[in-house]
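Raw contents of work08.tsv, TSV, C-alpha atoms and all ligand atoms:
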chain	number	residue	atom	x	y	z
Y	133	MET	CA	-1.27	10.72	8.13
Y	134	ASN	CA	-0.53	10.00	4.52
Y	135	ILE	CA	2.43	7.68	4.86
Y	136	SER	CA	3.50	7.61	1.25
Y	137	HIS	CA	6.80	9.20	2.35
Y	138	GLN	CA	7.66	10.51	-1.05
Y	139	PRO	CA	11.07	12.09	-1.35
Y	140	ALA	CA	10.93	15.88	-1.34
Y	141	ARG	CA	9.76	16.96	-4.76
Y	142	ARG	CA	10.00	20.16	-6.70
Y	143	ALA	CA	7.49	22.93	-6.11
Y	144	ILE	CA	4.46	22.91	-8.38
Y	145	ILE	CA	2.94	26.03	-6.81
Y	146	GLU	CA	4.89	28.98	-5.45
Y	147	LEU	CA	3.08	31.65	-3.46
Y	148	ARG	CA	5.03	34.79	-2.65
Y	149	ASP	CA	3.89	37.66	-0.44
Y	150	ILE	CA	0.26	37.20	-1.35
Y	151	GLU	CA	-2.08	39.91	-0.11
Y	152	LYS	CA	-5.83	40.02	-0.66
Y	153	HIS	CA	-8.10	42.89	0.30
Y	154	TYR	CA	-11.88	42.90	-0.03
Y	155	GLY	CA	-12.45	46.63	0.31
Y	156	ALA	CA	-11.28	47.48	3.81
Y	157	TYR	CA	-11.08	43.80	4.81
Y	158	HIS	CA	-7.60	42.27	4.76
Y	159	ALA	CA	-8.31	38.61	3.94
Y	160	LEU	CA	-4.80	37.27	3.11
Y	161	ARG	CA	-1.68	38.67	4.75
Y	162	GLY	CA	1.80	38.01	3.45
Y	163	VAL	CA	1.20	34.40	2.43
Y	164	SER	CA	4.39	32.74	1.10
Y	165	PHE	CA	5.00	29.02	0.70
Y	166	ASP	CA	5.47	26.26	-1.84
Y	167	ILE	CA	3.32	23.25	-2.58
Y	168	ARG	CA	5.24	20.26	-3.89
Y	169	GLU	CA	4.48	18.19	-6.92
Y	170	GLY	CA	2.36	15.16	-6.05
Y	171	GLU	CA	1.76	16.00	-2.43
Y	172	PHE	CA	-1.44	15.91	-0.44
Y	173	PHE	CA	-1.46	19.38	1.06
Y	174	SER	CA	-4.05	20.73	3.49
Y	175	LEU	CA	-5.04	24.23	4.50
Y	176	LEU	CA	-6.41	24.03	8.02
Y	177	GLY	CA	-7.88	26.80	10.13
Y	178	PRO	CA	-10.97	28.16	11.84
Y	179	SER	CA	-13.95	29.57	9.97
Y	180	GLY	CA	-13.21	32.89	8.30
Y	181	CYS	CA	-9.41	32.59	8.40
Y	182	GLY	CA	-9.10	32.77	4.60
Y	183	LYS	CA	-8.82	29.15	3.46
Y	184	THR	CA	-11.41	29.37	0.68
Y	185	THR	CA	-10.04	32.75	-0.40
Y	186	LEU	CA	-6.57	31.26	-0.77
Y	187	LEU	CA	-7.88	28.26	-2.69
Y	188	ARG	CA	-9.93	30.48	-5.01
Y	189	THR	CA	-6.85	32.61	-5.56
Y	190	ILE	CA	-4.91	29.55	-6.71
Y	191	ALA	CA	-7.82	28.49	-8.94
Y	192	GLY	CA	-8.01	31.94	-10.53
Y	193	PHE	CA	-11.48	32.84	-9.24
Y	194	GLU	CA	-9.99	35.72	-7.24
Y	195	ASP	CA	-7.37	38.31	-8.20
Y	196	LEU	CA	-4.43	38.98	-5.95
Y	197	SER	CA	-4.17	42.44	-4.43
Y	198	SER	CA	-0.38	41.95	-4.54
Y	199	GLY	CA	2.20	39.18	-4.57
Y	200	THR	CA	2.92	36.46	-7.10
Y	201	LEU	CA	1.58	33.00	-7.79
Y	202	THR	CA	3.34	30.60	-10.11
Y	203	LEU	CA	2.04	27.23	-11.19
Y	204	ASP	CA	4.45	24.84	-12.86
Y	205	GLY	CA	6.91	27.70	-13.08
Y	206	ARG	CA	4.46	29.93	-14.94
Y	207	ASP	CA	3.27	33.25	-13.51
Y	208	MET	CA	-0.53	33.05	-13.21
Y	209	GLU	CA	-1.09	36.82	-13.31
Y	210	GLY	CA	-3.92	37.46	-15.77
Y	211	VAL	CA	-4.45	33.74	-16.52
Y	212	PRO	CA	-8.20	33.03	-16.18
Y	213	ALA	CA	-9.46	30.07	-14.16
Y	214	ASN	CA	-10.40	27.99	-17.20
Y	215	LYS	CA	-6.88	28.32	-18.59
Y	216	ARG	CA	-5.16	27.10	-15.42
Y	217	PRO	CA	-4.13	23.47	-14.93
Y	218	THR	CA	-6.31	23.30	-11.82
Y	219	ASN	CA	-9.74	21.97	-11.07
Y	220	MET	CA	-11.89	22.53	-8.03
Y	221	VAL	CA	-14.28	20.31	-6.07
Y	222	PHE	CA	-16.69	22.29	-3.94
Y	223	GLN	CA	-18.21	21.70	-0.55
Y	224	SER	CA	-21.76	21.48	-1.85
Y	225	TYR	CA	-21.46	18.92	-4.60
Y	226	ALA	CA	-22.24	21.03	-7.63
Y	227	ILE	CA	-23.44	18.21	-9.83
Y	228	PHE	CA	-26.39	18.45	-12.20
Y	229	PRO	CA	-29.26	16.47	-10.70
Y	230	HIS	CA	-31.15	16.11	-13.98
Y	231	LEU	CA	-28.17	14.53	-15.80
Y	232	SER	CA	-27.03	10.95	-15.50
Y	233	VAL	CA	-23.85	10.02	-13.65
Y	234	ALA	CA	-22.00	9.53	-16.96
Y	235	GLU	CA	-23.22	12.89	-18.32
Y	236	ASN	CA	-22.06	14.63	-15.16
Y	237	VAL	CA	-18.64	13.03	-15.23
Y	238	GLY	CA	-18.18	13.71	-18.94
Y	239	PHE	CA	-19.42	17.28	-18.70
Y	240	GLY	CA	-16.01	18.89	-19.03
Y	241	LEU	CA	-15.25	16.90	-22.20
Y	242	ARG	CA	-18.17	18.39	-24.17
Y	243	ARG	CA	-15.98	20.67	-26.24
Y	244	SER	CA	-12.85	18.59	-26.11
Y	245	GLY	CA	-13.26	17.37	-29.69
Y	246	LYS	CA	-12.85	13.78	-28.49
Y	247	LEU	CA	-14.80	11.01	-30.15
Y	248	ARG	CA	-17.82	9.58	-28.41
Y	249	GLU	CA	-16.14	6.21	-27.74
Y	250	GLU	CA	-13.07	7.91	-26.37
Y	251	LYS	CA	-15.18	10.03	-24.02
Y	252	ALA	CA	-17.09	6.94	-22.85
Y	253	LYS	CA	-13.80	5.21	-22.11
Y	254	LEU	CA	-12.53	8.18	-20.06
Y	255	VAL	CA	-15.82	8.38	-18.16
Y	256	GLY	CA	-15.59	4.66	-17.42
Y	257	GLU	CA	-12.05	5.05	-16.12
Y	258	ALA	CA	-12.96	8.04	-13.95
Y	259	LEU	CA	-15.94	6.19	-12.49
Y	260	GLU	CA	-13.78	3.21	-11.73
Y	261	MET	CA	-11.27	5.43	-9.92
Y	262	VAL	CA	-13.95	6.65	-7.51
Y	263	GLY	CA	-15.59	3.26	-7.07
Y	264	LEU	CA	-18.73	3.96	-9.12
Y	265	SER	CA	-18.27	1.54	-12.01
Y	266	GLY	CA	-21.64	0.55	-13.44
Y	267	TYR	CA	-23.42	3.69	-12.24
Y	268	ASP	CA	-23.17	5.42	-15.65
Y	269	ALA	CA	-26.88	5.55	-16.41
Y	270	ARG	CA	-28.07	6.31	-12.90
Y	271	ALA	CA	-29.76	9.72	-12.46
Y	272	ALA	CA	-27.55	11.96	-10.31
Y	273	HIS	CA	-30.47	12.94	-8.07
Y	274	ALA	CA	-30.87	9.28	-7.12
Y	275	LEU	CA	-27.45	9.09	-5.44
Y	276	SER	CA	-26.46	9.29	-1.79
Y	277	GLY	CA	-24.38	12.20	-0.52
Y	278	GLY	CA	-21.18	10.15	-0.63
Y	279	GLN	CA	-21.91	8.95	-4.15
Y	280	ARG	CA	-22.59	12.50	-5.36
Y	281	GLN	CA	-19.28	13.62	-3.97
Y	282	ARG	CA	-17.59	10.77	-5.84
Y	283	VAL	CA	-19.26	11.94	-9.05
Y	284	ALA	CA	-17.95	15.46	-8.40
Y	285	LEU	CA	-14.47	14.00	-7.89
Y	286	ALA	CA	-14.64	11.91	-11.06
Y	287	ARG	CA	-15.81	14.95	-13.01
Y	288	ALA	CA	-12.82	16.96	-11.77
Y	289	LEU	CA	-10.31	14.15	-12.35
Y	290	ILE	CA	-11.40	13.35	-15.91
Y	291	LEU	CA	-9.87	16.64	-17.03
Y	292	LYS	CA	-6.50	15.44	-15.68
Y	293	PRO	CA	-5.64	18.65	-13.81
Y	294	ARG	CA	-2.10	19.16	-12.50
Y	295	VAL	CA	-3.60	20.28	-9.20
Y	296	LEU	CA	-6.94	19.32	-7.69
Y	297	LEU	CA	-8.40	21.88	-5.27
Y	298	LEU	CA	-10.86	20.52	-2.72
Y	299	ASP	CA	-12.86	22.93	-0.59
Y	300	GLU	CA	-14.26	21.01	2.39
Y	301	PRO	CA	-15.42	18.24	0.06
Y	302	LEU	CA	-16.51	15.92	2.86
Y	303	SER	CA	-18.14	18.29	5.31
Y	304	ALA	CA	-21.70	17.56	4.18
Y	305	LEU	CA	-21.30	13.82	4.83
Y	306	ASP	CA	-22.14	12.04	8.05
Y	307	LYS	CA	-19.28	10.86	10.28
Y	308	LYS	CA	-19.09	7.26	9.03
Y	309	MET	CA	-19.24	8.22	5.37
Y	310	ARG	CA	-16.73	11.03	5.93
Y	311	GLU	CA	-14.24	8.63	7.51
Y	312	GLN	CA	-14.65	6.18	4.65
Y	313	MET	CA	-14.20	8.92	2.04
Y	314	GLN	CA	-11.08	10.22	3.81
Y	315	VAL	CA	-9.38	6.88	3.30
Y	316	GLU	CA	-10.64	6.66	-0.29
Y	317	LEU	CA	-9.46	10.17	-1.12
Y	318	MET	CA	-6.00	9.33	0.21
Y	319	ARG	CA	-5.84	6.18	-1.88
Y	320	LEU	CA	-7.12	7.97	-4.94
Y	321	GLN	CA	-4.52	10.70	-4.57
Y	322	ARG	CA	-1.73	8.14	-4.34
Y	323	HIS	CA	-3.12	6.29	-7.32
Y	324	VAL	CA	-3.44	9.29	-9.66
Y	325	GLY	CA	-0.38	11.11	-8.29
Y	326	ILE	CA	-2.00	14.52	-8.83
Y	327	THR	CA	-1.24	17.29	-6.31
Y	328	PHE	CA	-4.24	17.68	-4.00
Y	329	ILE	CA	-4.90	20.81	-1.96
Y	330	LEU	CA	-7.58	20.22	0.63
Y	331	VAL	CA	-9.29	22.93	2.64
Y	332	THR	CA	-10.68	21.76	5.94
Y	333	HIS	CA	-11.44	23.05	9.41
Y	334	ASP	CA	-11.35	19.49	10.73
Y	335	GLN	CA	-7.94	18.92	12.32
Y	336	GLU	CA	-8.35	15.17	12.47
Y	337	GLU	CA	-9.10	15.04	8.76
Y	338	ALA	CA	-6.00	17.09	8.00
Y	339	LEU	CA	-3.78	14.93	10.23
Y	340	ILE	CA	-5.05	11.70	8.69
Y	341	MET	CA	-4.76	12.63	5.04
Y	342	SER	CA	-1.98	15.15	4.54
Y	343	ASP	CA	1.68	14.99	3.67
Y	344	ARG	CA	1.93	18.56	4.95
Y	345	ILE	CA	-0.48	20.99	6.59
Y	346	ALA	CA	-0.53	24.79	6.64
Y	347	VAL	CA	-2.37	26.15	9.69
Y	348	MET	CA	-3.99	29.51	9.04
Y	349	PHE	CA	-5.30	32.18	11.37
Y	350	ASP	CA	-6.56	35.62	10.37
Y	351	GLY	CA	-5.29	35.46	6.80
Y	352	SER	CA	-1.73	34.31	7.69
Y	353	ILE	CA	0.01	30.96	7.74
Y	354	GLU	CA	0.99	30.34	11.34
Y	355	GLN	CA	2.78	27.01	10.87
Y	356	LEU	CA	3.48	24.71	7.94
Y	357	ASP	CA	4.74	21.23	8.75
Y	358	GLU	CA	4.19	17.53	8.48
Y	359	PRO	CA	1.32	16.26	10.66
Y	360	GLU	CA	3.54	14.72	13.29
Y	361	VAL	CA	5.70	17.82	13.68
Y	362	LEU	CA	2.65	20.03	13.88
Y	363	TYR	CA	1.19	17.85	16.60
Y	364	ARG	CA	4.34	17.35	18.62
Y	365	ARG	CA	6.00	20.70	18.18
Y	366	PRO	CA	3.32	23.33	17.63
Y	367	ASN	CA	4.98	26.74	17.44
Y	368	SER	CA	2.21	28.64	19.19
Y	369	LYS	CA	-0.48	28.05	21.77
Y	370	ARG	CA	-3.23	28.57	19.26
Y	371	VAL	CA	-1.79	25.99	16.87
Y	372	ALA	CA	-1.48	23.59	19.82
Y	373	GLN	CA	-5.09	24.20	20.79
Y	374	PHE	CA	-6.41	23.96	17.27
Y	375	ILE	CA	-4.76	20.60	16.71
Y	376	GLY	CA	-5.83	18.15	19.35
Y	377	VAL	CA	-5.97	18.89	23.06
Y	378	MET	CA	-3.10	20.38	25.02
Y	379	ASN	CA	-2.86	21.17	28.72
Y	380	PHE	CA	-1.12	24.41	29.69
Y	381	LEU	CA	0.59	24.94	33.01
Y	382	PRO	CA	2.30	28.13	34.14
Y	383	GLY	CA	6.07	27.90	34.45
Y	384	GLU	CA	9.20	29.91	35.17
Y	385	ALA	CA	12.11	29.53	32.73
Y	386	GLN	CA	15.49	29.32	34.43
Y	387	GLY	CA	17.93	29.36	31.58
Y	388	LEU	CA	19.44	26.91	29.14
Y	389	SER	CA	21.44	23.87	30.07
Y	390	GLY	CA	22.93	21.69	27.35
Y	391	GLY	CA	20.50	23.02	24.75
Y	392	ARG	CA	17.50	22.29	26.95
Y	393	LEU	CA	15.35	24.87	28.66
Y	394	ALA	CA	15.11	24.45	32.43
Y	395	VAL	CA	11.65	25.33	33.67
Y	396	ASP	CA	9.94	25.18	37.02
Y	397	VAL	CA	6.46	23.96	36.08
Y	398	ALA	CA	3.48	24.50	38.38
Y	399	GLY	CA	2.26	21.12	39.64
Y	400	LEU	CA	5.03	19.13	37.93
Y	401	GLY	CA	8.19	20.65	39.36
Y	402	ARG	CA	11.47	21.18	37.57
Y	403	ALA	CA	11.66	19.99	33.97
Y	404	GLU	CA	14.06	20.26	31.06
Y	405	ILE	CA	12.43	21.00	27.74
Y	406	GLU	CA	13.87	19.39	24.61
Y	407	PRO	CA	15.49	21.48	21.87
Y	408	GLY	CA	12.98	22.41	19.17
Y	409	GLN	CA	10.14	22.43	21.71
Y	410	PHE	CA	10.55	26.02	22.85
Y	411	SER	CA	11.23	29.18	20.94
Y	412	PRO	CA	14.83	30.45	21.19
Y	413	ASP	CA	13.77	33.75	22.70
Y	414	LEU	CA	12.54	32.03	25.85
Y	415	ASP	CA	15.24	31.64	28.46
Y	416	HIS	CA	14.15	33.40	31.61
Y	417	GLY	CA	10.82	34.50	33.00
Y	418	ALA	CA	7.24	33.39	32.81
Y	419	VAL	CA	6.35	30.73	30.23
Y	420	SER	CA	3.37	28.53	29.50
Y	421	VAL	CA	4.17	24.82	29.40
Y	422	GLY	CA	2.12	22.53	27.19
Y	423	ILE	CA	1.61	18.79	27.54
Y	424	ARG	CA	-0.69	16.47	25.56
Y	425	PRO	CA	-3.23	14.26	27.44
Y	426	GLU	CA	-1.71	11.00	26.14
Y	427	THR	CA	1.77	11.87	27.39
Y	428	MET	CA	0.51	11.95	30.98
Y	429	SER	CA	-0.89	8.93	32.77
Y	430	LEU	CA	-2.52	7.86	35.97
Y	431	LEU	CA	-0.80	5.33	38.20
Y	432	PHE	CA	-3.25	2.74	39.45
Y	433	GLU	CA	-3.11	0.71	42.64
Y	434	GLY	CA	-0.12	-1.62	42.73
Y	435	GLU	CA	1.84	0.42	40.18
Y	436	ALA	CA	5.15	1.63	41.53
Y	437	ASP	CA	6.00	5.33	41.66
Y	438	ARG	CA	7.97	6.72	38.74
Y	439	ALA	CA	10.70	9.30	38.68
Y	440	ARG	CA	8.03	11.92	38.12
Y	441	VAL	CA	4.90	11.71	40.20
Y	442	ALA	CA	2.31	14.22	41.36
Y	443	SER	CA	-0.91	13.69	43.28
Y	444	GLY	CA	-4.33	14.94	42.41
Y	445	THR	CA	-8.09	14.46	42.53
Y	446	VAL	CA	-10.41	13.28	39.74
Y	447	ARG	CA	-12.75	16.14	38.75
Y	448	GLU	CA	-14.44	14.67	35.71
Y	449	VAL	CA	-14.51	11.30	33.91
Y	450	VAL	CA	-15.45	10.93	30.24
Y	451	TYR	CA	-15.66	7.30	29.12
Y	452	TYR	CA	-15.27	6.59	25.38
Y	453	GLY	CA	-15.15	2.78	25.39
Y	454	ASP	CA	-11.60	2.42	24.15
Y	455	MET	CA	-10.33	5.41	26.13
Y	456	THR	CA	-11.21	7.34	29.25
Y	457	TYR	CA	-10.48	11.06	29.56
Y	458	TYR	CA	-9.90	12.27	33.09
Y	459	GLU	CA	-9.81	15.84	34.34
Y	460	ILE	CA	-7.41	15.87	37.25
Y	461	VAL	CA	-6.84	18.74	39.66
Y	462	LEU	CA	-3.21	18.43	40.74
Y	463	ASP	CA	-2.55	19.25	44.39
Y	464	GLY	CA	-1.71	22.90	44.83
Y	465	LEU	CA	-3.22	23.98	41.50
Y	466	ASP	CA	-6.62	25.59	40.82
Y	467	SER	CA	-6.99	24.40	37.25
Y	468	HIS	CA	-7.15	20.84	35.94
Y	469	VAL	CA	-5.20	18.82	33.38
Y	470	THR	CA	-6.82	16.40	30.96
Y	471	ILE	CA	-5.28	12.93	30.82
Y	472	SER	CA	-6.30	10.19	28.40
Y	473	MET	CA	-5.94	6.54	29.37
Y	474	LYS	CA	-6.42	3.47	27.24
Y	475	ASN	CA	-9.01	1.18	28.79
Y	476	LEU	CA	-7.58	-2.26	29.54
Y	477	VAL	CA	-9.49	-5.29	30.76
Y	478	ASP	CA	-7.86	-5.18	34.19
Y	479	ARG	CA	-7.74	-1.42	34.55
Y	480	PRO	CA	-10.48	0.22	36.62
Y	481	VAL	CA	-12.25	3.42	35.60
Y	482	LEU	CA	-11.90	5.87	38.48
Y	483	ASP	CA	-14.82	7.82	39.93
Y	484	VAL	CA	-15.13	11.55	40.33
Y	485	GLY	CA	-13.53	12.56	43.64
Y	486	ALA	CA	-11.01	9.68	43.71
Y	487	ARG	CA	-7.44	10.47	44.70
Y	488	THR	CA	-4.82	9.44	42.17
Y	489	ARG	CA	-1.17	9.66	41.24
Y	490	VAL	CA	-0.12	11.18	37.95
Y	491	THR	CA	3.07	10.70	35.95
Y	492	TRP	CA	4.21	12.19	32.64
Y	493	ASP	CA	6.81	11.94	29.91
Y	494	ALA	CA	8.98	15.02	30.30
Y	495	ARG	CA	10.21	14.68	26.70
Y	496	ALA	CA	6.75	15.73	25.54
Y	497	LEU	CA	6.75	19.13	27.23
Y	498	VAL	CA	6.60	22.19	25.00
Y	499	ALA	CA	7.13	25.78	26.20
Y	500	PHE	CA	5.42	28.87	24.80
Y	501	ALA	CA	5.59	32.56	25.62
Y	502	ALA	CA	3.27	33.09	28.59
S	601	LIG	N1	-16.22	38.49	-1.71
S	601	LIG	C1	-15.95	38.89	-0.47
S	601	LIG	N2	-16.13	40.16	-0.06
S	601	LIG	C2	-15.82	40.55	1.19
S	601	LIG	N3	-15.32	39.74	2.14
S	601	LIG	C3	-15.12	38.47	1.80
S	601	LIG	C4	-15.41	37.96	0.49
S	601	LIG	N4	-15.10	36.65	0.46
S	601	LIG	C5	-14.63	36.35	1.70
S	601	LIG	N5	-14.65	37.45	2.50
S	601	LIG	C6	-14.21	37.49	3.90
S	601	LIG	O1	-12.89	37.03	3.97
S	601	LIG	C7	-12.72	36.22	5.15
S	601	LIG	C8	-12.17	34.86	4.77
S	601	LIG	O2	-13.20	34.15	4.08
S	601	LIG	P1	-12.99	32.65	3.59
S	601	LIG	O3	-14.23	32.27	2.88
S	601	LIG	O4	-11.72	32.56	2.87
S	601	LIG	O5	-12.89	31.89	4.98
S	601	LIG	P2	-12.71	30.32	5.27
S	601	LIG	O6	-11.44	30.15	6.02
S	601	LIG	O7	-12.89	29.57	4.02
S	601	LIG	O8	-13.92	30.04	6.27
S	601	LIG	P3	-14.95	28.78	6.35
S	601	LIG	O9	-14.23	27.69	7.13
S	601	LIG	O10	-16.09	29.33	7.15
S	601	LIG	O11	-15.32	28.37	4.97
S	601	LIG	C9	-14.06	36.16	5.84
S	601	LIG	O12	-14.08	37.09	6.91
S	601	LIG	C10	-15.02	36.55	4.76
S	601	LIG	O13	-16.16	37.20	5.30
S	602	MG	MG	-14.33	28.24	3.28

How does this structure look as structure tokens?
Ligand SMILES: Nc1ncnc2c1ncn2[C@@H]1O[C@H](COP(=O)(O)OP(=O)(O)OP(=O)(O)O)[C@@H](O)[C@H]1O
Ligand SMILES: [Mg+2]
Amino acid sequence: MNISHQPARRAIIELRDIEKHYGAYHALRGVSFDIREGEFFSLLGPSGCGKTTLLRTIAGFEDLSSGTLTLDGRDMEGVPANKRPTNMVFQSYAIFPHLSVAENVGFGLRRSGKLREEKAKLVGEALEMVGLSGYDARAAHALSGGQRQRVALARALILKPRVLLLDEPLSALDKKMREQMQVELMRLQRHVGITFILVTHDQEEALIMSDRIAVMFDGSIEQLDEPEVLYRRPNSKRVAQFIGVMNFLPGEAQGLSGGRLAVDVAGLGRAEIEPGQFSPDLDHGAVSVGIRPETMSLLFEGEADRARVASGTVREVVYYGDMTYYEIVLDGLDSHVTISMKNLVDRPVLDVGARTRVTWDARALVAFAA
């Protein structure tokens, strides 16, 4: 999560009732939201949900079928891409392999009318920003994937756009390099203060880097929130499943008490769900109750019972070194829940088939329409 905690800023981009049709295909459906000045904003969703389409719409590479888009208070209708204060970095680093690093980075300044020394200074500054100082003369084809993506970033930043659009810029990198670049991109964004809009289908990447995230499905924004809110209070089962892992248990809502929703949860018993963690239209009848793996835990030998305890059997064990993920079949249930446990020096790893006790933090429960 980007923890810059900037105060709420004014909107730099306003999208209102955006629709996009490709022939009979309805690619964007009623998209309305604001992006704030200086924020790191992510569009997150599964393949084909319309992320690239929305980004290209903002950049001016696609026309709207209907709706309005304003940038810095200016209606973008009819404004071509090269006249917008945006710049885009693509998934496949579109740099010119036959040019040097400096020529690539300075490419957009060709017709700027700037003097040669001035251009060289700007190129130097842009290269420094992305950690490639001294690489000026290097041929672009002789760079690693991560370095090429830095060149693409420097080339976009040198034009000092108001908004930088990034379409899966890290997806071609291996895991280690991607993780390193995530941190660097965050730092860079804070340093330059430009509004970044990142498209990704990697939920972890979005959680790590963003001030706010819009989750998209089928051409619509399903939820737009800060990472922590999105994770803790997803407003639908598919958002919950797209972001992290969530267990779902069937439940029976039994009305409100003191703003909380009383639910009889299969395997866990009676629970009261916190305000904001269920939709207001749920009060009676069948519901689906969600709980994250890290808000449940196993009780090991010698640990006293808690207020909330259930018994179950270990079905599967996945050991990750720092963590172990257990699939536990609670007594009386057919399905399993996934529970993650931190591995401690004096904590055993249970075997498949072992009997165990399970406890959970009832404050973490979320209820959805069944
Ligand atoms: N030019 C086009 N003509 C027709 N359909 C298109 C066109 N461009 C995109 N689409 C369709 O619109 C939908 C959204 O595409 P888009 O590229 O925005 O998805 P995405 O969310 O970026 O997916 P991915 O994660 O795979 O990149 C897809 O079903 C796609 O096939
Ligand atoms: Mg895409």

Please extract the residues at most 12 Å from ligand LIG 601 (chain S), counting all atoms listed in the file, and provide them as a PDB file with C-alpha atoms, keeping the file's coordinate frame, using the chain letters and residue numbers of this document.
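See result_35.pdb below for the written result:
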ATOM      1  CA  GLU Y 151      -2.080  39.910  -0.110  1.00  0.00           C
ATOM      2  CA  LYS Y 152      -5.830  40.020  -0.660  1.00  0.00           C
ATOM      3  CA  HIS Y 153      -8.100  42.890   0.300  1.00  0.00           C
ATOM      4  CA  TYR Y 154     -11.880  42.900  -0.030  1.00  0.00           C
ATOM      5  CA  GLY Y 155     -12.450  46.630   0.310  1.00  0.00           C
ATOM      6  CA  ALA Y 156     -11.280  47.480   3.810  1.00  0.00           C
ATOM      7  CA  TYR Y 157     -11.080  43.800   4.810  1.00  0.00           C
ATOM      8  CA  HIS Y 158      -7.600  42.270   4.760  1.00  0.00           C
ATOM      9  CA  ALA Y 159      -8.310  38.610   3.940  1.00  0.00           C
ATOM     10  CA  LEU Y 160      -4.800  37.270   3.110  1.00  0.00           C
ATOM     11  CA  ARG Y 161      -1.680  38.670   4.750  1.00  0.00           C
ATOM     12  CA  LEU Y 175      -5.040  24.230   4.500  1.00  0.00           C
ATOM     13  CA  LEU Y 176      -6.410  24.030   8.020  1.00  0.00           C
ATOM     14  CA  GLY Y 177      -7.880  26.800  10.130  1.00  0.00           C
ATOM     15  CA  PRO Y 178     -10.970  28.160  11.840  1.00  0.00           C
ATOM     16  CA  SER Y 179     -13.950  29.570   9.970  1.00  0.00           C
ATOM     17  CA  GLY Y 180     -13.210  32.890   8.300  1.00  0.00           C
ATOM     18  CA  CYS Y 181      -9.410  32.590   8.400  1.00  0.00           C
ATOM     19  CA  GLY Y 182      -9.100  32.770   4.600  1.00  0.00           C
ATOM     20  CA  LYS Y 183      -8.820  29.150   3.460  1.00  0.00           C
ATOM     21  CA  THR Y 184     -11.410  29.370   0.680  1.00  0.00           C
ATOM     22  CA  THR Y 185     -10.040  32.750  -0.400  1.00  0.00           C
ATOM     23  CA  LEU Y 186      -6.570  31.260  -0.770  1.00  0.00           C
ATOM     24  CA  LEU Y 187      -7.880  28.260  -2.690  1.00  0.00           C
ATOM     25  CA  ARG Y 188      -9.930  30.480  -5.010  1.00  0.00           C
ATOM     26  CA  THR Y 189      -6.850  32.610  -5.560  1.00  0.00           C
ATOM     27  CA  PHE Y 193     -11.480  32.840  -9.240  1.00  0.00           C
ATOM     28  CA  GLU Y 194      -9.990  35.720  -7.240  1.00  0.00           C
ATOM     29  CA  ASP Y 195      -7.370  38.310  -8.200  1.00  0.00           C
ATOM     30  CA  PHE Y 222     -16.690  22.290  -3.940  1.00  0.00           C
ATOM     31  CA  GLN Y 223     -18.210  21.700  -0.550  1.00  0.00           C
ATOM     32  CA  SER Y 224     -21.760  21.480  -1.850  1.00  0.00           C
ATOM     33  CA  LEU Y 298     -10.860  20.520  -2.720  1.00  0.00           C
ATOM     34  CA  ASP Y 299     -12.860  22.930  -0.590  1.00  0.00           C
ATOM     35  CA  GLU Y 300     -14.260  21.010   2.390  1.00  0.00           C
ATOM     36  CA  PRO Y 301     -15.420  18.240   0.060  1.00  0.00           C
ATOM     37  CA  SER Y 303     -18.140  18.290   5.310  1.00  0.00           C
ATOM     38  CA  LEU Y 330      -7.580  20.220   0.630  1.00  0.00           C
ATOM     39  CA  VAL Y 331      -9.290  22.930   2.640  1.00  0.00           C
ATOM     40  CA  THR Y 332     -10.680  21.760   5.940  1.00  0.00           C
ATOM     41  CA  HIS Y 333     -11.440  23.050   9.410  1.00  0.00           C
ATOM     42  CA  ASP Y 334     -11.350  19.490  10.730  1.00  0.00           C
ATOM     43  CA  GLN Y 335      -7.940  18.920  12.320  1.00  0.00           C
ATOM     44  CA  VAL Y 347      -2.370  26.150   9.690  1.00  0.00           C
ATOM     45  CA  MET Y 348      -3.990  29.510   9.040  1.00  0.00           C
ATOM     46  CA  PHE Y 349      -5.300  32.180  11.370  1.00  0.00           C
ATOM     47  CA  ASP Y 350      -6.560  35.620  10.370  1.00  0.00           C
ATOM     48  CA  GLY Y 351      -5.290  35.460   6.800  1.00  0.00           C
ATOM     49  CA  SER Y 352      -1.730  34.310   7.690  1.00  0.00           C
ATOM     50  CA  ILE Y 353       0.010  30.960   7.740  1.00  0.00           C
TER      51      ILE Y 353
END

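Considering all atoms listed in the file, the residue among Y:Arg310, Y:Arg344, Y:Arg168, Y:Lys215 positioned nearest to Gly192 of chain Y is Y:Lys215.
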
TODO: Could you pull out every residue with an atom within 8 Å of (0.3, 30.7, 36.0), file coordinates, counting all atoms listed in the file, and send them as a ChimeraX atom specification?
DONE: /Y:381-383,398,420

Open item on the list: Nearest residue to Leu476 of chain Y out of Y:Met455, Y:Val237, Y:Leu285, Y:Ala439, using all atoms listed in the file?
Closed with: Y:Met455

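Of note, atom CA of Asn367 of chain Y and atom CA of Val498 of chain Y are spaced 9.0 Å apart.
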
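Between atom CA of Thr488 of chain Y and atom CA of Leu430 of chain Y there is a distance of 6.8 Å.
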
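For the pair atom CA of Arg287 of chain Y and atom CA of Glu257 of chain Y, the separation is 11.0 Å.
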
- [ ] Write out as a list in words each polymer residue whose atoms come within 6 Å of Ala143 of chain Y, counting only C-alpha atoms; drop sequence neighbours fewer than 3 positions from it.
- [x] Asp166, Ile167, Arg168 and Glu169 of chain Y

Output for the residues just chosen: C-alpha atoms as a tab-separated table (two decimals), in the frame of the given file:
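In the end it all went to result-v8.tsv:
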chain	number	residue	atom	x	y	z
Y	166	ASP	CA	5.47	26.26	-1.84
Y	167	ILE	CA	3.32	23.25	-2.58
Y	168	ARG	CA	5.24	20.26	-3.89
Y	169	GLU	CA	4.48	18.19	-6.92
